[in-house]
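**Student:** Hey, dropping target-v1.txt in here, compact mmCIF, C-alpha atoms:
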```
# COMPACT_ATOMS: atom_id res chain seq x y z
CA MET A 191 140.74 68.50 112.74
CA ILE A 192 138.31 71.38 113.09
CA PRO A 193 139.12 74.27 115.45
CA TRP A 194 137.63 74.30 118.97
CA LEU A 195 136.30 77.71 119.96
CA GLU A 196 136.52 79.06 123.48
CA ALA A 197 134.33 81.91 124.70
CA THR A 198 136.54 84.62 123.21
CA THR A 199 137.93 82.74 120.19
CA PRO A 200 137.04 84.39 116.86
CA PHE A 201 135.65 82.30 114.04
CA PRO A 202 138.10 80.97 111.44
CA ASP A 203 137.76 82.30 107.90
CA VAL A 204 134.98 80.47 106.09
CA SER A 205 137.48 79.31 103.46
CA GLU A 206 138.80 76.91 106.12
CA ALA A 207 135.54 74.92 106.28
CA LEU A 208 135.82 71.23 105.49
CA THR A 209 135.29 70.11 101.91
CA THR A 210 135.06 66.37 102.61
CA ASP A 211 133.48 64.14 105.30
CA ALA A 212 131.30 67.00 106.61
CA PRO A 213 131.44 69.64 103.86
CA GLY A 214 130.93 73.12 105.24
CA LEU A 215 131.81 72.30 108.86
CA LEU A 216 133.99 75.15 110.13
CA ALA A 217 134.39 74.91 113.91
CA ALA A 218 132.96 73.59 117.18
CA GLY A 219 132.43 74.93 120.66
CA ALA A 220 131.87 78.47 122.01
CA ASP A 221 128.31 79.37 123.00
CA LEU A 222 124.94 80.42 121.61
CA SER A 223 124.78 83.90 123.11
CA PRO A 224 123.12 86.55 120.95
CA GLN A 225 126.50 88.24 120.54
CA ARG A 226 128.14 85.05 119.25
CA LEU A 227 125.21 84.38 116.92
CA LEU A 228 125.43 87.88 115.46
CA GLN A 229 129.16 87.43 114.90
CA ALA A 230 128.46 84.18 113.09
CA TYR A 231 125.76 85.54 110.80
CA ARG A 232 127.81 88.58 109.88
CA HIS A 233 130.43 86.17 108.53
CA GLY A 234 128.06 83.76 106.76
CA ILE A 235 128.24 81.12 109.51
CA PHE A 236 125.37 79.31 111.22
CA PRO A 237 125.01 76.75 114.05
CA TRP A 238 123.61 73.29 113.35
CA PHE A 239 124.07 70.19 115.50
CA SER A 240 122.18 67.27 116.99
CA GLU A 241 121.43 66.47 120.60
CA GLY A 242 124.52 65.19 122.37
CA GLN A 243 126.93 66.93 120.00
CA PRO A 244 128.95 70.04 120.79
CA ILE A 245 127.87 73.26 119.10
CA LEU A 246 128.89 72.93 115.45
CA TRP A 247 129.35 75.94 113.15
CA TRP A 248 128.91 75.71 109.38
CA SER A 249 129.48 77.70 106.21
CA THR A 250 128.28 75.62 103.29
CA ASP A 251 129.52 75.83 99.72
CA PRO A 252 127.43 76.11 97.64
CA ARG A 253 124.93 78.11 99.68
CA MET A 254 121.19 77.71 99.14
CA VAL A 255 119.47 81.08 98.78
CA LEU A 256 116.07 82.38 97.75
CA TYR A 257 116.07 85.58 95.73
CA THR A 258 112.98 87.47 96.83
CA ASP A 259 111.93 88.22 93.26
CA ARG A 260 112.07 84.52 92.29
CA PHE A 261 109.76 83.00 94.90
CA LYS A 262 107.63 80.33 93.22
CA VAL A 263 103.95 80.02 94.04
CA SER A 264 101.89 77.01 92.95
CA ASP A 265 98.31 77.45 91.79
CA SER A 266 97.00 75.86 94.99
CA LEU A 267 99.11 78.15 97.18
CA ARG A 268 97.99 81.17 95.18
CA LYS A 269 94.36 80.28 95.92
CA THR A 270 95.16 79.89 99.61
CA LEU A 271 96.94 83.24 99.69
CA ARG A 272 93.93 84.97 98.17
CA LYS A 273 91.66 83.37 100.75
CA VAL A 274 93.96 84.35 103.60
CA GLU A 275 94.30 87.92 102.36
CA ARG A 276 90.53 88.36 102.02
CA ALA A 277 90.06 87.10 105.57
CA ARG A 278 92.91 89.25 106.87
CA LEU A 279 91.23 92.33 105.41
CA GLY A 280 87.88 91.39 106.91
CA GLY A 281 86.19 90.04 103.80
CA ALA A 282 85.79 86.37 104.72
CA GLY A 283 82.17 86.59 105.86
CA ASP A 284 81.35 83.58 108.01
CA GLY A 285 84.38 81.63 106.72
CA PRO A 286 87.56 80.73 108.58
CA ARG A 287 89.24 83.68 110.28
CA TRP A 288 92.78 83.79 108.89
CA ASP A 289 95.37 86.29 110.02
CA VAL A 290 99.07 86.89 109.40
CA ARG A 291 101.25 88.65 111.94
CA PHE A 292 104.91 89.44 112.49
CA ASP A 293 106.69 89.15 115.82
CA THR A 294 103.71 88.54 118.11
CA ALA A 295 104.62 84.96 119.12
CA PHE A 296 108.31 84.52 118.34
CA GLU A 297 109.13 81.90 120.96
CA ASP A 298 105.92 79.98 120.20
CA VAL A 299 107.00 79.76 116.56
CA MET A 300 110.43 78.47 117.57
CA ARG A 301 108.95 75.83 119.85
CA ALA A 302 106.53 74.74 117.14
CA CYS A 303 109.47 74.40 114.73
CA ALA A 304 111.23 72.25 117.33
CA ALA A 305 108.28 69.89 117.86
CA PRO A 306 108.25 66.34 116.43
CA ARG A 307 107.15 66.11 112.79
CA LYS A 308 104.79 63.59 111.20
CA ASP A 309 107.66 62.25 109.11
CA GLY A 310 110.23 62.06 111.90
CA PRO A 311 111.54 63.49 115.18
CA GLY A 312 111.77 67.14 116.06
CA THR A 313 114.46 69.43 114.76
CA TRP A 314 117.78 70.28 116.38
CA ILE A 315 116.21 73.37 118.01
CA SER A 316 117.09 72.95 121.70
CA ASP A 317 116.26 75.11 124.70
CA ASP A 318 119.71 76.71 124.38
CA ILE A 319 119.00 77.54 120.74
CA ILE A 320 115.63 79.01 121.71
CA ALA A 321 117.26 81.11 124.44
CA GLY A 322 119.89 82.47 122.04
CA TYR A 323 117.43 83.42 119.31
CA THR A 324 114.82 84.87 121.65
CA GLY A 325 117.68 87.05 122.90
CA LEU A 326 118.25 88.17 119.31
CA HIS A 327 114.52 88.80 119.01
CA ARG A 328 114.54 91.08 122.04
CA MET A 329 117.47 92.95 120.46
CA GLY A 330 115.49 93.43 117.24
CA TYR A 331 117.49 91.04 115.06
CA ALA A 332 115.29 87.90 114.98
CA HIS A 333 111.76 87.90 113.59
CA SER A 334 108.82 85.58 113.11
CA ALA A 335 106.08 85.42 110.49
CA GLU A 336 102.95 83.80 111.93
CA VAL A 337 99.79 82.34 110.38
CA TRP A 338 96.71 82.23 112.61
CA LEU A 339 93.44 80.41 111.98
CA ASP A 340 90.43 81.12 114.20
CA GLY A 341 92.78 82.48 116.85
CA ALA A 342 95.20 79.52 116.84
CA LEU A 343 98.80 79.60 115.62
CA VAL A 344 98.88 77.11 112.71
CA GLY A 345 102.05 77.99 110.82
CA GLY A 346 105.10 80.18 110.84
CA ALA A 347 108.72 80.85 110.04
CA TYR A 348 111.55 82.62 111.80
CA GLY A 349 114.99 83.95 111.05
CA VAL A 350 117.58 86.66 111.60
CA CYS A 351 117.76 90.00 109.82
CA ILE A 352 120.88 92.17 109.80
CA GLY A 353 120.67 95.28 107.68
CA ARG A 354 119.07 94.11 104.44
CA MET A 355 120.14 90.47 104.78
CA PHE A 356 117.68 87.86 106.05
CA TYR A 357 118.80 84.44 107.25
CA GLY A 358 115.97 81.90 107.29
CA GLU A 359 116.07 79.32 110.07
CA SER A 360 112.99 77.08 110.18
CA MET A 361 109.28 76.80 109.38
CA PHE A 362 106.35 74.76 110.64
CA ALA A 363 102.76 74.02 109.60
CA ARG A 364 99.84 72.55 111.50
CA VAL A 365 97.47 72.90 108.55
CA SER A 366 98.19 72.49 104.84
CA ASP A 367 100.33 75.24 103.26
CA ALA A 368 100.51 77.32 106.47
CA SER A 369 104.31 77.49 106.45
CA LYS A 370 104.29 78.48 102.78
CA VAL A 371 101.77 81.21 103.52
CA ALA A 372 104.06 82.56 106.24
CA LEU A 373 107.00 82.47 103.84
CA ALA A 374 105.01 84.19 101.06
CA TYR A 375 104.13 87.12 103.32
CA LEU A 376 107.66 87.27 104.68
CA VAL A 377 109.22 87.26 101.20
CA ALA A 378 106.83 90.01 100.02
CA PHE A 379 107.69 92.14 103.04
CA LEU A 380 111.44 91.64 102.57
CA ARG A 381 111.28 92.38 98.86
CA GLY A 382 109.32 95.56 99.58
CA HIS A 383 112.09 96.68 101.92
CA GLY A 384 114.98 96.08 99.58
CA VAL A 385 116.05 92.64 100.80
CA ARG A 386 117.14 90.78 97.68
CA MET A 387 118.25 87.49 99.18
CA LEU A 388 116.96 85.10 101.85
CA ASP A 389 119.59 82.67 103.10
CA CYS A 390 118.34 79.07 103.18
CA GLN A 391 121.69 77.58 104.28
CA GLN A 392 121.46 74.05 102.85
CA GLU A 393 120.05 72.46 99.72
CA THR A 394 116.74 70.61 99.92
CA GLY A 395 114.17 69.63 97.33
CA HIS A 396 111.45 71.51 99.24
CA LEU A 397 113.39 74.77 99.11
CA ALA A 398 114.17 74.26 95.43
CA SER A 399 110.44 73.84 94.72
CA LEU A 400 109.91 77.32 96.18
CA GLY A 401 112.54 78.87 93.92
CA ALA A 402 115.69 78.61 96.04
CA VAL A 403 118.96 77.97 94.21
CA PRO A 404 122.53 77.08 95.22
CA ILE A 405 125.18 79.75 94.63
CA PRO A 406 128.93 79.75 95.30
CA ARG A 407 129.78 80.64 98.89
CA ALA A 408 132.05 83.43 97.65
CA ASP A 409 129.10 85.09 95.90
CA PHE A 410 126.96 84.71 99.02
CA ILE A 411 129.63 86.25 101.25
CA ALA A 412 130.15 89.15 98.85
CA HIS A 413 126.42 89.89 98.89
CA LEU A 414 126.00 89.69 102.66
CA ARG A 415 129.00 91.94 103.31
CA GLN A 416 127.20 94.69 101.43
CA ALA A 417 123.69 93.89 102.66
CA ILE A 418 124.53 93.91 106.38
CA ARG A 419 125.85 97.47 106.02
CA GLU A 420 122.43 98.73 104.94
CA PRO A 421 120.10 100.36 107.51
CA ALA A 422 117.99 97.98 109.57
CA ILE A 423 114.29 97.63 108.78
CA GLU A 424 112.52 99.70 111.41
CA ARG A 425 108.89 98.58 111.20
CA TRP A 426 107.85 94.97 110.65
CA GLU A 427 104.27 95.34 109.42
CA VAL A 428 102.37 92.79 107.34
CA ALA A 429 101.52 93.78 103.78
CA PRO A 430 99.78 91.76 101.03
CA PRO A 431 101.94 89.08 99.40
CA LEU A 432 103.04 90.06 95.91
CA THR A 433 101.64 86.80 94.54
CA THR A 434 97.96 87.56 95.12
```
Spit out the file's structure as structure tokens when you get a sec.

**Tutor:**
Amino acid sequence: MIPWLEATTPFPDVSEALTTDAPGLLAAGADLSPQRLLQAYRHGIFPWFSEGQPILWWSTDPRMVLYTDRFKVSDSLRKTLRKVERARLGGAGDGPRWDVRFDTAFEDVMRACAAPRKDGPGTWISDDIIAGYTGLHRMGYAHSAEVWLDGALVGGAYGVCIGRMFYGESMFARVSDASKVALAYLVAFLRGHGVRMLDCQQETGHLASLGAVPIPRADFIAHLRQAIREPAIERWEVAPPLTT
């Protein structure tokens, strides 16, 4: 039986998460206020649940993470990044007008991530989730990386940053490689500001193809405890991806 959280109930220790049936499931209930979300992330916990379920809180073991100095870039993505960077700097001539921005359309990125996908339904990102994370965005904790093509938002990613720890949440793409472009610029920015690890939460083949690896939860918790004590990043400004 997992614990049920009321509004003021603290989270259990992550060591109490289930190891069978639903490995990593820690608790249910509470709310999605920015304050509760910050409490969760500071302890290596994240919300994930489907429509019709109560709020479910997880701390997976192992934990999928992307070290910012191990991001993998395919040859095709490298070509796209060069094209985007030339256009971003004004050297595209009459070609497509690419741009990369941070934090100019946070809620739009979230809603695009929540939209139905070609290979299935939309994600678990509900209106309550959007409200909670846009609250974090207004507080300076949640950020978006956005890819624009001819003035239209075509790809992006968003997540939460506390100190020098970034927790990735979701990505979307409306044109080929747009989500990977957003991630490449985000990873380069984070690496340039001393963020060593991007939390990916759960193992997937797609994340592994980009260089993410599973690590023991204990190692993840030890890292985040130190990283969240570091000063917050003050200015979120786009810089060239390290892979170009």

**Student:** Can you tell me which residues surround Phe236 in chain A at a distance of at most 10 Å, considering all atoms listed in the file, apart from same-chain residues fewer than 4 positions away, and format the answer as a PyMOL selection string?

**Tutor:** chain A and resi 215-216+227-232+246-250+357+359+391

**Student:** Within 12 Å of (127.1, 69.5, 121.1) (coordinates as in the file), grab all the protein and nucleic acid residues, counting all atoms listed in the file, and write them out as a list in words.

**Tutor:**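 Applying the cut-off with all atoms listed in the file, one gets Trp194, Ala217, Ala218, Gly219, Ala220, Asp221, Leu222, Pro237, Trp238, Phe239, Ser240, Glu241, Gly242, Gln243, Pro244, Ile245, Leu246, Trp247, Trp314, Ile315, Ser316, Asp318 and Ile319 of chain A.
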
**Student:** May I have the residues from that selection written out with C-alpha atoms, as an mmCIF file, keeping the file's coordinate frame?

**Tutor:**
```cif
data_model
loop_
_atom_site.group_PDB
_atom_site.id
_atom_site.type_symbol
_atom_site.label_atom_id
_atom_site.label_comp_id
_atom_site.auth_asym_id
_atom_site.auth_seq_id
_atom_site.Cartn_x
_atom_site.Cartn_y
_atom_site.Cartn_z
ATOM 1 C CA TRP A 194 137.630 74.300 118.970
ATOM 2 C CA ALA A 217 134.390 74.910 113.910
ATOM 3 C CA ALA A 218 132.960 73.590 117.180
ATOM 4 C CA GLY A 219 132.430 74.930 120.660
ATOM 5 C CA ALA A 220 131.870 78.470 122.010
ATOM 6 C CA ASP A 221 128.310 79.370 123.000
ATOM 7 C CA LEU A 222 124.940 80.420 121.610
ATOM 8 C CA PRO A 237 125.010 76.750 114.050
ATOM 9 C CA TRP A 238 123.610 73.290 113.350
ATOM 10 C CA PHE A 239 124.070 70.190 115.500
ATOM 11 C CA SER A 240 122.180 67.270 116.990
ATOM 12 C CA GLU A 241 121.430 66.470 120.600
ATOM 13 C CA GLY A 242 124.520 65.190 122.370
ATOM 14 C CA GLN A 243 126.930 66.930 120.000
ATOM 15 C CA PRO A 244 128.950 70.040 120.790
ATOM 16 C CA ILE A 245 127.870 73.260 119.100
ATOM 17 C CA LEU A 246 128.890 72.930 115.450
ATOM 18 C CA TRP A 247 129.350 75.940 113.150
ATOM 19 C CA TRP A 314 117.780 70.280 116.380
ATOM 20 C CA ILE A 315 116.210 73.370 118.010
ATOM 21 C CA SER A 316 117.090 72.950 121.700
ATOM 22 C CA ASP A 318 119.710 76.710 124.380
ATOM 23 C CA ILE A 319 119.000 77.540 120.740
#
```

**Student:** Please determine, counting all atoms listed in the file, which residue among A:Met300, A:Ala342, A:Ala374, A:Met329 has the shortest atom-to-atom distance to Ser360 in chain A.

**Tutor:**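 Among the listed residues, A:Met300 lies closest to Ser360 in chain A.
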
**Student:** What are the closest atom pairs, with distances in Å to one decimal, for each residue of range 223-341 of chain A lying within 12 Å of range 401-404 of chain A, using all atoms listed in the file, rows by chain and rising residue number, as a tab-separated table?

**Tutor:**
```
residue	atom	partner	partner_atom	distance
A:Thr250	CA	A:Pro404	CA	10.0
A:Asp251	CA	A:Pro404	CA	8.4
A:Pro252	CA	A:Pro404	CA	5.6
A:Arg253	CA	A:Pro404	CA	5.2
A:Met254	CA	A:Pro404	CA	4.2
A:Val255	CA	A:Ala402	CA	5.3
A:Leu256	CA	A:Ala402	CA	4.2
A:Tyr257	CA	A:Ala402	CA	7.0
A:Thr258	CA	A:Gly401	CA	9.1
A:Asp259	CA	A:Gly401	CA	9.4
A:Arg260	CA	A:Gly401	CA	5.9
A:Phe261	CA	A:Gly401	CA	5.1
A:Lys262	CA	A:Gly401	CA	5.2
A:Val263	CA	A:Gly401	CA	8.7
A:Ser264	CA	A:Gly401	CA	10.9
```

**Student:** So, with only C-alpha atoms as the atoms that count, which of A:Glu196, A:Glu427, A:Asp367, A:Asp317 lies closest to Ser266 in chain A?

**Tutor:**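 Closest to Ser266 in chain A, using only C-alpha atoms: A:Asp367.
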
**Student:** Find the residue from A:Gly325, A:Pro306, A:Gly341, A:Pro202 that sits nearest to Arg287 in chain A; use all atoms listed in the file when measuring.

**Tutor:** A:Gly341

**Student:** Nearest residue to Ile405 in chain A out of A:Ala207, A:Ala378, A:Gln392, A:Met191, using only C-alpha atoms?

**Tutor:**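 With only C-alpha atoms as the atom set, the closest residue is A:Gln392.
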
**Student:** How many Å separate CA of Gly353 in chain A from CA of Glu420 in chain A?

**Tutor:**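 Going from CA of Gly353 in chain A over to CA of Glu420 in chain A, I get 4.7 Å.
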
**Student:** List the neighbours of Glu275 in chain A out to 12 Å using only C-alpha atoms; skip same-chain residues closer than 5 positions along the sequence, and give me the result as JSON, numbers by chain.

**Tutor:** {"A": [268, 269, 270, 280, 281, 282, 286, 287, 288, 289, 290, 291, 337, 338, 371, 372, 374, 375, 428, 429, 430, 431, 432, 433, 434]}

**Student:** Rank A:Arg364, A:Arg354, A:Arg381, A:Arg226 by their smallest atom-to-atom distance to Arg415 in chain A, using only C-alpha atoms, and report the top residue only.

**Tutor:**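 Going through A:Arg364, A:Arg354, A:Arg381, A:Arg226 one by one, the smallest distance to Arg415 in chain A is for A:Arg354.
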
**Student:** Looking at A:Ala321, A:Ile192, A:Ala197, A:Pro421, which one is nearest to Asp211 in chain A, with distances taken over all atoms listed in the file?

**Tutor:**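 The shortest atom-to-atom distance to Asp211 in chain A comes from A:Ile192.
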
**Student:** Can you tell me how far CA of Trp426 in chain A sits from CA of Gly234 in chain A, in Å to one decimal?

**Tutor:** 23.4 Å

**Student:** In Å, how far is it from CA of Arg307 in chain A to CA of Ser334 in chain A?

**Tutor:**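 Answer for the CA of Arg307 in chain A to CA of Ser334 in chain A separation: 19.5 Å.
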